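Taking it in order: structure first as structure tokens, then the write-up.
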Amino acid sequence: MSRHFSRANILLILIALIWGGTFIIVKQSLAVLHPMQVIAYRFTLAFILVFLAKYRTVRRHWRASLLPGIGLGLLLFIAFTTQTYGLKFTSPSVSALITGTNAVLVAIFEALFRRKRLSRNSITGVLAATTGLILITWSGASFTFGYGDLLTLACAIFFALHINATGQALTRCDPSTISVIQFAFVALAAWCTLITASNLEVNFPATTWYALIYLGLMATGLAFLAQSYAQRDASPVHTAIMLATEPAFATVLAVSLGFEPLTIRLLIGGVLIITGIIFSSYGESFSTSGGKLN
């Protein structure tokens, strides 16, 4: 194993761990902030960081990337809006596991859009993830999706659409510039939405500011830059598989910190979903530059 490949693995595991922690942090932030405030501050901070880091590149490529970036930004805005609102009504681990099914949905959408058959690995992944999804959302004697679960499933669908669309856009656009435009669009859309909101909290405790800085700088801005460096030395499929550990980290953190109990359904369902993600990642090709933002 080369030194560069080892460095890429370390970066990807750190990214997955950082993203896994966001579900608990967003859940706690929602006790103080409006969901759109979380999104607005998060993406404003991420935009500032990445824009400053990639200013020269953005200045050269912004015209060609503007319209694709706005379209991708719209998908990203809907994905994060449904995910954040969903977290008000579901647990961090369930949110992470359902969101993680976007990798399985990417394989399905790729087959539909390109009119090709799913590979055996992808079919296995779909079946495993679906079974896991049923287990973690099973309520009482029947299978029922709660409101938060439905919103989070919508989030997974829009993340998958975003990843598929990103793969197309990156064939003709600069990845850094596309990301900066998306961050700017999501931040602006969230701030505009807040104009109509009432009873917004404006005096945040220090812990809330720490959470927003973590979400904006660490989990969005720095994680994006780290993923860009990691994918110089790791293949798309390897990257996807390493990042599939994100919902596992989220579940371990949620259980170990006392946010929810560890149940047999959660354990088996989580293992099935992560297995499904890995099989789907093997079964279908992923864009070399496109990646999930979380």
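Ordering of the structure tokens sets the chain letters (A, B, ...), residue numbers begin anew at 1 in every chain, and ligands are numbered from 1 in the order given.
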
Find the residues around stretch 239-248 of chain A up to 6 Å (only C-alpha atoms counted), leave out those fewer than 4 positions away in its own chain, and share them as a PyMOL selection string.
-> chain A and resi 16+20+96-97+278

Keeping only N, CA and C atoms, write the selected residues as a PDB file, in the first residue's frame.
```pdb
ATOM      1  N   ALA A  16     -15.743  10.655   6.876  1.00  0.00           N
ATOM      2  CA  ALA A  16     -16.911   9.874   7.281  1.00  0.00           C
ATOM      3  C   ALA A  16     -17.233  10.090   8.758  1.00  0.00           C
ATOM      4  N   GLY A  20     -20.508  11.770  10.123  1.00  0.00           N
ATOM      5  CA  GLY A  20     -21.316  10.999  11.062  1.00  0.00           C
ATOM      6  C   GLY A  20     -21.718  11.813  12.277  1.00  0.00           C
ATOM      7  N   ALA A  96     -29.289   9.160   9.662  1.00  0.00           N
ATOM      8  CA  ALA A  96     -28.029   8.839   8.979  1.00  0.00           C
ATOM      9  C   ALA A  96     -28.178   7.613   8.090  1.00  0.00           C
ATOM     10  N   LEU A  97     -28.840   6.582   8.600  1.00  0.00           N
ATOM     11  CA  LEU A  97     -28.980   5.343   7.838  1.00  0.00           C
ATOM     12  C   LEU A  97     -29.874   5.537   6.618  1.00  0.00           C
ATOM     13  N   ILE A 278     -22.441  -0.684   0.213  1.00  0.00           N
ATOM     14  CA  ILE A 278     -21.168  -1.201  -0.293  1.00  0.00           C
ATOM     15  C   ILE A 278     -21.372  -2.004  -1.577  1.00  0.00           C
TER      16      ILE A 278
END
```

Neighbours of A:Ser95 within 8 Å (only C-alpha atoms; same-chain residues fewer than 2 positions away dropped), as a count of residues only?
-> 13

Considering only C-alpha atoms, return as a short mmCIF file (atom, residue, chain, number, x, y, z; two decimals) with C-alpha atoms, in the first residue's frame whatever protein or nucleic-acid residues lie within 10 Å of A:Tyr214, sequence-local ones (same chain, fewer than 6 positions apart) excluded.
```cif
data_model
loop_
_atom_site.label_atom_id
_atom_site.label_comp_id
_atom_site.auth_asym_id
_atom_site.auth_seq_id
_atom_site.Cartn_x
_atom_site.Cartn_y
_atom_site.Cartn_z
CA ILE A 18 -16.94 14.19 10.68
CA GLY A 21 -21.14 13.56 13.86
CA THR A 22 -23.26 16.10 11.99
CA ILE A 25 -25.00 18.27 16.12
CA ARG A 42 -23.69 26.35 7.60
CA LEU A 45 -19.46 29.65 6.34
CA THR A 208 -24.62 26.74 19.17
CA THR A 220 -18.90 21.13 4.62
CA GLY A 221 -15.98 23.35 3.64
CA LEU A 222 -12.96 21.39 4.90
#
```

Backbone-only DSSP, alpha helix (DSSP H) members of stretch 106-156 of chain A, as an MDAnalysis selection string = chainID A and resid 106:113 120:136 147:156

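Near A:Arg59, within 12 Å and counting only C-alpha atoms, sit Phe51, Leu52, Ala53, Lys54, Tyr55, Arg56, Trp62, Arg63, Ala64, Ser65, Leu66, Asp174, Ser176, Thr177, Ile178, Val180 and Ile181 of chain A, not including residues fewer than 3 positions from it in the same chain.
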
Generate the output file for the selected residues, C-alpha atoms, as a short mmCIF file (atom, residue, chain, number, x, y, z; two decimals), in the first residue's frame.
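Contents of the output file out.cif:
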```cif
data_model
loop_
_atom_site.label_atom_id
_atom_site.label_comp_id
_atom_site.auth_asym_id
_atom_site.auth_seq_id
_atom_site.Cartn_x
_atom_site.Cartn_y
_atom_site.Cartn_z
CA PHE A 51 -14.24 30.61 -2.08
CA LEU A 52 -11.18 32.01 -0.32
CA ALA A 53 -9.28 28.74 -0.83
CA LYS A 54 -10.22 28.46 -4.53
CA TYR A 55 -10.63 32.12 -5.48
CA ARG A 56 -8.33 32.08 -8.53
CA TRP A 62 -17.44 30.86 -12.96
CA ARG A 63 -19.16 31.77 -16.26
CA ALA A 64 -19.20 28.21 -17.61
CA SER A 65 -20.19 26.79 -14.22
CA LEU A 66 -22.88 29.30 -13.22
CA ASP A 174 -14.61 22.81 -12.83
CA SER A 176 -14.26 23.61 -7.19
CA THR A 177 -16.21 26.33 -8.97
CA ILE A 178 -19.35 24.18 -9.13
CA VAL A 180 -18.63 27.29 -4.56
CA ILE A 181 -21.67 28.24 -6.66
#
```

Nearest candidate to A:Pro261 (options A:Val94, A:Ala128, A:Ala230, A:Ala223; using only C-alpha atoms) = A:Val94

Running DSSP on the backbone, which parts of stretch 83-223 of chain A land in strand (DSSP E), as a PyMOL selection string?
-> chain A and resi 138-139+142-143

Resulting file, chosen residues, C-alpha atoms, as a compact mmCIF listing (two decimals), in the first residue's frame:
```txt
# COMPACT_ATOMS: atom_id res chain seq x y z
CA TRP A 138 -40.74 -0.72 11.82
CA SER A 139 -43.18 0.61 14.40
CA SER A 142 -46.73 -2.82 11.26
CA PHE A 143 -44.38 -1.10 8.84
```
